[in-house]
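> mmCIF, C-alpha atoms, file input-v5.cif:
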data_entry
loop_
_atom_site.label_atom_id
_atom_site.label_comp_id
_atom_site.auth_asym_id
_atom_site.auth_seq_id
_atom_site.Cartn_x
_atom_site.Cartn_y
_atom_site.Cartn_z
CA MET D 270 113.17 66.97 99.14
CA THR D 271 110.04 65.54 97.55
CA GLU D 272 107.93 67.23 100.21
CA GLN D 273 109.61 70.55 99.49
CA LEU D 274 108.88 70.17 95.80
CA ALA D 275 105.28 69.28 96.51
CA ARG D 276 104.98 72.30 98.79
CA LYS D 277 106.45 74.52 96.10
CA ALA D 278 104.00 73.20 93.53
CA GLU D 279 101.16 73.67 96.00
CA VAL D 280 102.16 77.30 96.64
CA GLU D 281 102.26 77.88 92.89
CA CYS D 282 98.80 76.37 92.53
CA ILE D 283 97.46 78.58 95.34
CA LYS D 284 98.98 81.69 93.77
CA LEU D 285 97.39 80.85 90.41
CA ALA D 286 94.04 80.04 92.05
CA ARG D 287 94.15 83.39 93.85
CA LYS D 288 94.42 85.06 90.46
CA GLY D 289 91.25 83.24 89.40
CA ASP D 290 92.73 80.19 87.69
CA GLN D 291 90.04 77.57 88.14
CA ASP D 292 92.19 74.68 86.89
CA ALA D 293 94.78 75.41 89.55
CA PHE D 294 92.15 75.19 92.25
CA THR D 295 90.75 72.01 90.71
CA GLN D 296 94.22 70.53 91.14
CA ILE D 297 94.07 71.46 94.83
CA VAL D 298 90.66 69.80 95.06
CA GLU D 299 92.11 66.68 93.44
CA THR D 300 94.95 66.61 95.99
CA TYR D 301 92.87 67.18 99.12
CA GLN D 302 89.57 65.50 98.28
CA ASN D 303 90.28 62.42 100.40
CA PRO D 304 91.22 64.05 103.72
CA VAL D 305 88.43 66.62 103.38
CA TYR D 306 85.85 63.97 102.51
CA ASN D 307 87.05 61.67 105.31
CA LEU D 308 86.74 64.45 107.88
CA CYS D 309 83.25 65.28 106.63
CA TYR D 310 82.21 61.64 106.63
CA ARG D 311 83.49 61.01 110.15
CA MET D 312 81.82 64.19 111.37
CA LEU D 313 78.47 63.82 109.62
CA GLY D 314 78.06 60.08 109.28
CA THR D 315 76.51 59.66 105.81
CA PRO D 316 78.13 59.65 102.35
CA GLN D 317 75.66 62.18 100.93
CA ALA D 318 76.12 64.66 103.76
CA ALA D 319 79.88 64.17 103.54
CA GLU D 320 79.88 64.83 99.79
CA ASP D 321 77.85 68.03 100.18
CA ALA D 322 79.96 69.24 103.09
CA ALA D 323 83.20 68.52 101.22
CA GLN D 324 82.02 70.46 98.17
CA GLU D 325 80.89 73.35 100.36
CA SER D 326 84.22 73.34 102.22
CA PHE D 327 86.16 73.61 98.96
CA TRP D 328 83.91 76.43 97.83
CA ARG D 329 84.51 78.31 101.10
CA ALA D 330 88.22 77.73 100.79
CA TYR D 331 88.15 79.06 97.23
CA LYS D 332 86.26 82.16 98.27
CA ASN D 333 88.59 82.87 101.21
CA LEU D 334 91.82 81.96 99.46
CA HIS D 335 93.07 85.55 99.74
CA ARG D 336 92.95 85.20 103.54
CA TYR D 337 95.20 82.16 103.58
CA ASP D 338 98.58 82.79 105.19
CA MET D 339 101.26 81.18 103.00
CA LYS D 340 103.44 80.49 106.04
CA ARG D 341 100.90 78.09 107.47
CA SER D 342 100.14 74.59 106.25
CA PHE D 343 97.45 74.63 103.57
CA ALA D 344 96.08 71.25 104.68
CA THR D 345 95.58 72.53 108.23
CA TRP D 346 93.87 75.66 106.95
CA LEU D 347 91.61 73.68 104.63
CA LEU D 348 90.70 71.12 107.30
CA SER D 349 90.06 73.97 109.71
CA ILE D 350 87.41 75.34 107.32
CA THR D 351 85.97 71.84 106.89
CA ALA D 352 85.87 71.12 110.62
CA HIS D 353 84.18 74.41 111.42
CA TYR D 354 81.62 73.88 108.69
CA CYS D 355 80.87 70.33 109.89
CA ILE D 356 80.56 71.49 113.51
CA ASP D 357 78.08 74.18 112.39
CA GLN D 358 76.12 71.60 110.42
CA GLN D 359 76.01 69.31 113.42
CA ARG D 360 74.77 72.07 115.68
CA ARG D 361 72.00 72.88 113.24
CA LYS D 362 70.96 69.31 112.78
CA ARG D 363 71.94 66.93 115.52
CA LEU D 364 73.25 63.59 114.30
CA PRO D 365 70.81 60.79 115.10
CA THR D 366 72.46 58.38 117.50
CA MET D 367 72.81 54.78 116.40
CA ASP D 368 72.96 51.61 118.42
CA LEU D 369 76.30 49.88 118.06
CA ASN D 370 74.60 46.51 117.72
CA GLU D 371 72.48 47.69 114.83
CA ILE D 372 75.14 48.28 112.24
CA ILE D 373 73.66 49.83 109.16
CA GLU D 374 74.67 48.39 105.82
CA PHE D 375 76.91 50.77 104.03
CA THR D 376 76.99 51.02 100.24
CA ALA D 377 79.86 53.41 99.53
CA GLU D 378 82.21 52.39 96.76
CA ASP D 379 85.61 51.19 97.88
CA PRO D 380 88.40 50.73 95.36
CA ALA D 381 90.01 47.90 97.40
CA PRO D 382 90.21 44.76 95.23
CA ASN D 383 89.91 42.19 98.02
CA PRO D 384 86.26 41.71 99.00
CA GLU D 385 87.14 40.18 102.36
CA SER D 386 89.32 43.10 103.40
CA THR D 387 86.63 45.48 102.13
CA LEU D 388 84.05 43.81 104.33
CA VAL D 389 86.35 43.93 107.34
CA ASN D 390 87.12 47.60 106.68
CA LEU D 391 83.44 48.41 106.37
CA GLU D 392 82.69 46.62 109.62
CA PHE D 393 85.40 48.55 111.44
CA SER D 394 84.30 51.75 109.80
CA ASP D 395 80.68 51.25 110.80
CA LYS D 396 81.55 50.36 114.37
CA VAL D 397 83.76 53.42 114.70
CA GLN D 398 81.11 55.59 113.09
CA CYS D 399 78.54 54.40 115.62
CA GLN D 400 80.90 55.21 118.46
CA LEU D 401 81.74 58.61 117.01
CA ALA D 402 78.05 59.42 116.67
CA GLN D 403 77.76 59.35 120.45
CA LEU D 404 80.36 62.09 120.89
CA SER D 405 79.69 65.82 120.90
CA GLU D 406 80.70 67.58 117.65
CA ASN D 407 83.67 69.37 119.27
CA ASP D 408 85.09 66.20 120.84
CA ARG D 409 84.49 64.29 117.61
CA ALA D 410 86.40 66.84 115.52
CA VAL D 411 89.40 66.68 117.87
CA LEU D 412 89.44 62.88 117.84
CA ILE D 413 89.15 62.64 114.05
CA LEU D 414 91.97 65.11 113.48
CA ARG D 415 94.15 63.28 116.02
CA TYR D 416 93.69 59.72 114.80
CA TRP D 417 92.65 59.84 111.14
CA HIS D 418 94.68 62.85 110.09
CA GLU D 419 97.45 62.23 112.63
CA TYR D 420 97.55 65.85 113.73
CA SER D 421 99.59 66.90 116.72
CA GLU D 422 97.95 68.81 119.56
CA ASN D 423 99.42 72.06 118.22
CA GLU D 424 98.03 71.43 114.76
CA ILE D 425 94.62 70.70 116.24
CA CYS D 426 94.85 74.00 118.15
CA GLN D 427 95.45 75.81 114.88
CA ALA D 428 92.80 73.94 112.95
CA LEU D 429 90.02 74.43 115.48
CA SER D 430 91.17 77.79 116.88
CA ILE D 431 91.17 76.57 120.47
CA SER D 432 93.76 76.48 123.25
CA LYS D 433 96.07 73.53 123.87
CA SER D 434 94.43 72.81 127.21
CA ALA D 435 91.05 72.68 125.47
CA VAL D 436 92.44 70.20 122.96
CA LYS D 437 93.84 68.05 125.78
CA SER D 438 90.62 68.05 127.76
CA ARG D 439 88.51 67.31 124.68
CA LEU D 440 90.80 64.47 123.67
CA HIS D 441 90.66 63.04 127.18
CA ARG D 442 86.86 63.25 127.23
CA ALA D 443 86.55 61.72 123.78
CA ARG D 444 88.88 58.81 124.59
CA LYS D 445 87.05 58.09 127.82
CA HIS D 446 83.73 58.17 126.02
CA MET D 447 85.01 55.81 123.32
CA ALA D 448 86.34 53.41 125.97
CA ILE D 449 83.07 53.45 127.91
CA GLN D 450 81.14 52.89 124.68
CA TRP D 451 83.32 49.92 123.91
CA THR D 452 82.75 48.40 127.36
CA GLU D 453 79.00 48.85 127.07
CA THR D 454 78.94 47.25 123.63
CA GLN D 455 80.93 44.29 124.82
CA SER D 456 78.66 43.72 127.81
CA ASN D 457 75.60 44.04 125.54
CA LEU D 458 77.05 41.48 123.15
CA LYS D 459 77.75 39.09 126.04
CA MET D 460 74.19 39.45 127.30
CA GLU D 461 72.84 38.79 123.79
CA GLY D 462 75.02 35.68 123.53
CA ARG D 463 73.75 34.35 126.88
CA ARG D 464 70.15 34.99 125.84
CA HIS D 465 70.67 33.02 122.62
CA GLU D 466 72.30 30.19 124.55
CA THR D 467 69.33 29.98 126.96
CA GLN D 468 66.90 29.97 124.04
CA THR D 469 68.81 27.14 122.34
CA ILE D 470 68.81 25.05 125.53
CA MET O 133 97.09 59.44 144.95
CA LYS O 134 93.82 60.37 143.35
CA HIS O 135 92.05 57.81 141.14
CA LYS O 136 91.66 60.45 138.41
CA GLN O 137 95.43 60.62 137.96
CA TYR O 138 95.54 56.97 136.85
CA GLU O 139 92.72 57.63 134.42
CA SER O 140 94.75 60.46 132.95
CA TRP O 141 97.84 58.25 132.62
CA ILE O 142 95.78 55.62 130.83
CA LEU O 143 93.99 57.95 128.41
CA ASP O 144 96.31 60.86 127.72
CA GLU O 145 98.99 58.86 125.92
CA GLY O 146 101.76 61.02 127.35
CA PRO O 147 105.12 59.42 128.06
CA LEU O 148 105.26 58.07 131.63
CA THR O 149 108.35 57.97 133.81
CA ASP O 150 109.45 54.62 135.24
CA THR O 151 108.03 55.51 138.64
CA GLN O 152 104.69 56.55 137.12
CA GLN O 153 104.55 53.36 135.05
CA GLN O 154 105.26 51.25 138.18
CA LYS O 155 102.56 53.05 140.14
CA LEU O 156 100.11 52.56 137.30
CA ASP O 157 100.92 48.83 137.03
CA ILE O 158 100.41 48.35 140.77
CA HIS O 159 97.13 50.24 140.65
CA LEU O 160 95.89 48.27 137.65
CA GLU O 161 96.42 45.02 139.54
CA VAL O 162 93.99 46.08 142.26
CA CYS O 163 91.53 48.36 140.40
CA GLU O 164 89.04 46.59 138.16
CA ASN O 165 87.57 49.84 136.80
CA CYS O 166 90.88 51.21 135.61
CA ARG O 167 91.82 47.84 134.13
CA THR O 168 88.57 47.81 132.13
CA LEU O 169 89.08 51.41 131.05
CA ARG O 170 92.57 50.66 129.80
CA ARG O 171 91.49 47.49 127.99
CA SER O 172 88.53 49.27 126.38
CA TRP O 173 90.56 52.26 125.27
CA ILE O 174 93.20 50.01 123.69
CA ALA O 175 90.46 48.12 121.84
CA SER O 176 88.79 51.35 120.77
CA LYS O 177 92.04 52.80 119.52
CA GLN O 178 92.72 49.63 117.58
CA LEU O 179 89.29 49.93 116.01
CA ILE O 180 90.05 53.51 114.99
CA THR O 181 93.43 52.68 113.49
CA GLN O 182 92.00 49.70 111.62
CA SER O 183 89.09 51.58 110.10
CA ALA O 184 90.03 52.85 106.68
CA MET O 185 90.12 56.44 105.52
CA GLN O 186 86.87 57.16 103.71
CA VAL O 187 87.22 58.33 100.11
CA PRO O 188 84.61 60.02 97.92
CA THR O 189 83.05 58.21 94.98
CA LEU O 190 84.74 58.61 91.59
CA GLY O 191 84.33 61.94 89.83
CA PHE O 192 84.55 64.20 92.86
CA THR O 193 86.58 66.77 90.90
CA ASP O 194 84.02 66.81 88.07
CA ARG O 195 81.29 67.34 90.61
CA TRP O 196 83.36 70.13 92.14
CA GLN O 197 83.50 71.89 88.76
CA THR O 198 79.71 71.68 88.51
CA THR O 199 79.41 73.03 92.05
CA TYR O 200 81.83 75.82 91.17
CA ILE O 201 79.76 76.94 88.17
CA ARG O 202 76.51 76.75 90.15
CA LYS O 203 77.93 78.65 93.11
CA CYS O 204 79.39 81.33 90.80
CA GLN O 205 75.96 81.83 89.24
CA ILE O 206 74.30 82.09 92.66
CA GLU O 207 76.97 84.54 93.75
CA LYS O 208 76.43 86.64 90.61
CA VAL O 209 72.66 86.81 91.17
CA ARG O 210 73.17 87.64 94.85
CA ARG O 211 75.64 90.39 94.00
CA TYR O 212 73.26 91.83 91.38
CA ARG O 213 70.37 91.85 93.85
CA LEU O 214 72.50 93.38 96.56
CA THR O 215 73.75 96.10 94.20
CA SER O 216 70.22 96.92 92.99
CA PHE O 217 68.90 97.04 96.54
CA GLY O 218 71.82 99.19 97.64
CA LEU O 219 71.32 101.63 94.78
CA MET O 220 67.59 101.89 95.52
CA LEU O 221 68.30 102.48 99.18
CA LEU O 222 70.88 105.10 98.32
CA ALA O 223 68.50 106.93 95.97
CA PHE O 224 65.75 106.88 98.58
CA ALA O 225 68.04 108.06 101.38
CA SER O 226 69.57 110.84 99.28
CA SER O 227 66.13 112.10 98.16
CA VAL O 228 64.89 112.13 101.77
CA ILE O 229 68.04 113.95 102.91
CA TYR O 230 67.71 116.44 100.08
CA MET O 231 64.07 117.15 100.91
CA LEU O 232 64.82 117.55 104.60
CA VAL O 233 67.82 119.82 104.02
CA SER O 234 66.23 122.01 101.36
CA GLY O 235 62.96 122.41 103.32
CA SER O 236 60.95 121.12 100.35
CA PHE O 237 59.75 118.15 102.38
CA MET O 238 57.21 120.28 104.29
CA ARG O 239 56.14 121.95 101.07
CA MET O 240 55.59 118.57 99.46
CA PHE O 241 53.54 117.49 102.47
CA ALA O 242 51.41 120.67 102.24
CA ASN O 243 50.94 120.17 98.49
CA GLY O 244 49.83 116.60 99.11
CA LEU O 245 47.22 117.72 101.62
CA THR O 246 45.94 120.35 99.17
CA VAL O 247 45.58 117.78 96.38
CA ILE O 248 43.66 115.38 98.66
CA SER O 249 41.29 118.09 99.84
CA GLU O 250 40.73 119.23 96.21
CA ILE O 251 39.80 115.69 95.18
CA VAL O 252 37.31 115.42 98.08
CA MET O 253 35.81 118.80 97.22
CA GLY O 254 35.51 117.84 93.54
CA LEU O 255 33.67 114.61 94.41
CA THR O 256 31.22 116.46 96.70
CA ASN O 257 30.51 119.07 94.03
CA GLY O 258 29.94 116.41 91.38
CA LEU O 259 27.50 114.46 93.54
CA SER O 260 25.49 117.59 94.44
CA THR O 261 25.29 118.54 90.72
CA ILE O 262 23.92 115.07 89.85
CA GLY O 263 21.37 115.39 92.70
CA TYR O 264 20.33 118.81 91.44
CA TRP O 265 19.69 117.62 87.87
CA VAL O 266 17.87 114.45 88.97
CA SER O 267 15.52 116.50 91.16
CA ARG O 268 14.75 118.71 88.15
CA LEU O 269 13.53 115.74 85.98
CA PRO O 270 9.72 115.64 85.32
CA ILE O 271 7.76 112.84 87.12
CA ALA O 272 6.24 110.63 84.37
CA VAL O 273 4.51 108.10 86.65
CA PRO O 274 3.30 108.44 90.23
CA ILE O 275 5.80 107.33 92.89
CA THR O 276 3.57 104.42 94.17
CA ALA O 277 3.20 102.94 90.67
CA GLY O 278 6.93 103.31 90.15
CA PHE O 279 7.66 101.32 93.31
CA ILE O 280 5.26 98.53 92.24
CA PHE O 281 6.81 98.43 88.77
CA PHE O 282 10.30 98.28 90.27
CA GLY O 283 9.25 95.45 92.61
CA LEU O 284 7.75 93.44 89.74
CA ILE O 285 10.89 93.78 87.62
CA ASN O 286 13.00 92.61 90.55
CA SER O 287 10.73 89.61 91.13
CA PHE O 288 10.99 88.56 87.47
CA VAL O 289 14.75 88.84 87.54
CA MET O 290 14.95 86.75 90.75
CA VAL O 291 12.65 84.06 89.31
CA GLY O 292 14.71 84.02 86.12
CA ILE O 293 17.96 83.53 88.06
CA PHE O 294 16.40 80.77 90.17
CA PHE O 295 15.11 79.05 87.01
CA LEU O 296 18.54 79.10 85.36
CA TRP O 297 20.20 77.80 88.52
CA ASN O 298 17.67 74.99 88.78
CA LEU O 299 18.22 74.09 85.13
CA LYS O 300 21.96 73.88 85.70
CA GLN O 301 21.45 71.63 88.72
CA ARG O 302 19.20 69.33 86.70
CA LYS O 303 21.77 69.14 83.92
CA LEU O 304 24.37 68.10 86.42
CA LEU O 305 22.10 65.45 87.83
CA THR O 306 21.37 64.11 84.34
CA ASN O 307 25.10 63.90 83.64
CA GLU O 308 25.64 62.03 86.86
CA ILE O 309 22.89 59.55 86.04
CA SER O 310 24.24 59.01 82.51
CA VAL O 311 27.70 58.35 83.89
CA ASP O 312 26.37 55.79 86.35
#
Could you take the file, read its structure, and then write that structure out as structure tokens?

Amino acid sequence: MTEQLARKAEVECIKLARKGDQDAFTQIVETYQNPVYNLCYRMLGTPQAAEDAAQESFWRAYKNLHRYDMKRSFATWLLSITAHYCIDQQRRKRLPTMDLNEIIEFTAEDPAPNPESTLVNLEFSDKVQCQLAQLSENDRAVLILRYWHEYSENEICQALSISKSAVKSRLHRARKHMAIQWTETQSNLKMEGRRHETQTI
Amino acid sequence: MKHKQYESWILDEGPLTDTQQQKLDIHLEVCENCRTLRRSWIASKQLITQSAMQVPTLGFTDRWQTTYIRKCQIEKVRRYRLTSFGLMLLAFASSVIYMLVSGSFMRMFANGLTVISEIVMGLTNGLSTIGYWVSRLPIAVPITAGFIFFGLINSFVMVGIFFLWNLKQRKLLTNEISVD
């Protein structure tokens, strides 16, 4: 029931925004800023690039609002625009690969009150980001939509305009890559540990 | 069964039948590679699920409004430029079409050639008139003396220029010394 109401309000907002009501579209931006930003951040890897890409995605959505089919999910449509934009950006400027062991200090603001949990989250986030950076932009987009946005395979098909078999094969490739990355990191960490032990002795 | 099949069962997260699950368990007991793959994927997935959703810094909506205004302005300028360029192109194309259709293009080309040739003729006539009047002037001094006089004037001018240049150089040097 609540979802239906939210959907109704969203449709109203879209209708108003189509007529040129800027406040209505700002409300849409307010609602979807987090998923759009998260997708951009996971795709591009830096807060600044993510911010720019998110703003650009909203602008593209605003410009193409008349093309949006009301029967489809707005979130999927919006994330589709975002994913395509991020993939294009990646193709133009390849993401520099990072070593998993050299985790870069991250300074983004996090509203979580507990500093310990914040640190843990940042560590996880950085590790994942390093692993994601090793993937190709297409595989990365599929993986992000599947695990961060909890999209089904069909929804990913719609968002990225690809076939279901393509989604499956990309997901398989991405998972395998992530698993291999994990194994390599673990073995590297073990080797580092042994080296430190030898030095101490 | 192919080794790739087990890899697919491990990674594709599809529901397995009891028989498939049994086969996978038996395989995992003997295959180190598949065991590592499974362990690593579980760990990786855990890492993904534990990493938080990234959120933008505060004031994203305000920044969006600024972006909106800026983008609208850019769009306006772009539209204005495109319209101007389109109108110019249209005017040029229609004038060319008109000239070609009405046959006035060839006439314009002929007129252009006539104007150019008239200008060239006018210049030639003017120069010959000047030459005629110069040749009619009385000779006040012999030609040899005139050449010598001309040479002397040139020499004085050259010396004067050299003197001024030298003076400027010296001034510069003096400034440099005073600075030091």
> Quick one: distance from atom CA of Arg170 of chain O to atom CA of Met447 of chain D in Å, one decimal?
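Interatomic distance here is 11.2 Å.
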> Where does the PyMOL selection byres ((chain D and resi 355) around 7) land in this file, that is, which residues does it pick, as a ChimeraX atom specification?
/D:309,312-313,322,351-354,356-359
> Residues of chain O were defined as contacting chain D if any atom lay at most 9 Å from it, counting all atoms listed in the file; please report them as a PyMOL selection string.
chain O and resi 139-140+143-144+168-177+179-190+192-197+199-200+203
> Please compute the atom CA of Leu429 of chain D-atom CA of Lys362 of chain D distance, one decimal, in Å.
19.9 Å
> Between atom CA of Arg210 of chain O and atom CA of Lys332 of chain D, what distance in Å does the model show, to one decimal?
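Atom CA of Lys332 of chain D lies 14.6 Å from atom CA of Arg210 of chain O.
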> Just say which residues the PyMOL selection byres ((chain D and resi 430) around 12) picks in this file, as a list of chain:residue names.
D:Thr345, D:Trp346, D:Leu348, D:Ser349, D:Ile350, D:Ala352, D:His353, D:Asn407, D:Val411, D:Glu422, D:Asn423, D:Glu424, D:Ile425, D:Cys426, D:Gln427, D:Ala428, D:Leu429, D:Ile431, D:Ser432, D:Lys433, D:Ser434, D:Ala435, D:Val436
> Return the single residue from D:His335, D:Arg329, D:Arg360, D:Glu272 that is closest to Lys284 of chain D, with distances computed using all atoms listed in the file.
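Once distances to Lys284 of chain D are computed over all atoms listed in the file, the minimum belongs to D:His335.
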> So what does the PyMOL selection byres ((chain O and resi 156) around 12) actually pick up in this one, as an MDAnalysis selection string?
chainID O and resid 133:142 148:155 157:163 166:167 170
> Just the residues within 8 Å of Ala293 of chain D, please, counting only C-alpha atoms, with nothing from its chain fewer than 4 positions along; format it as a list in words.
Cys282, Ile283, Leu285, Ala286 and Ile297 of chain D
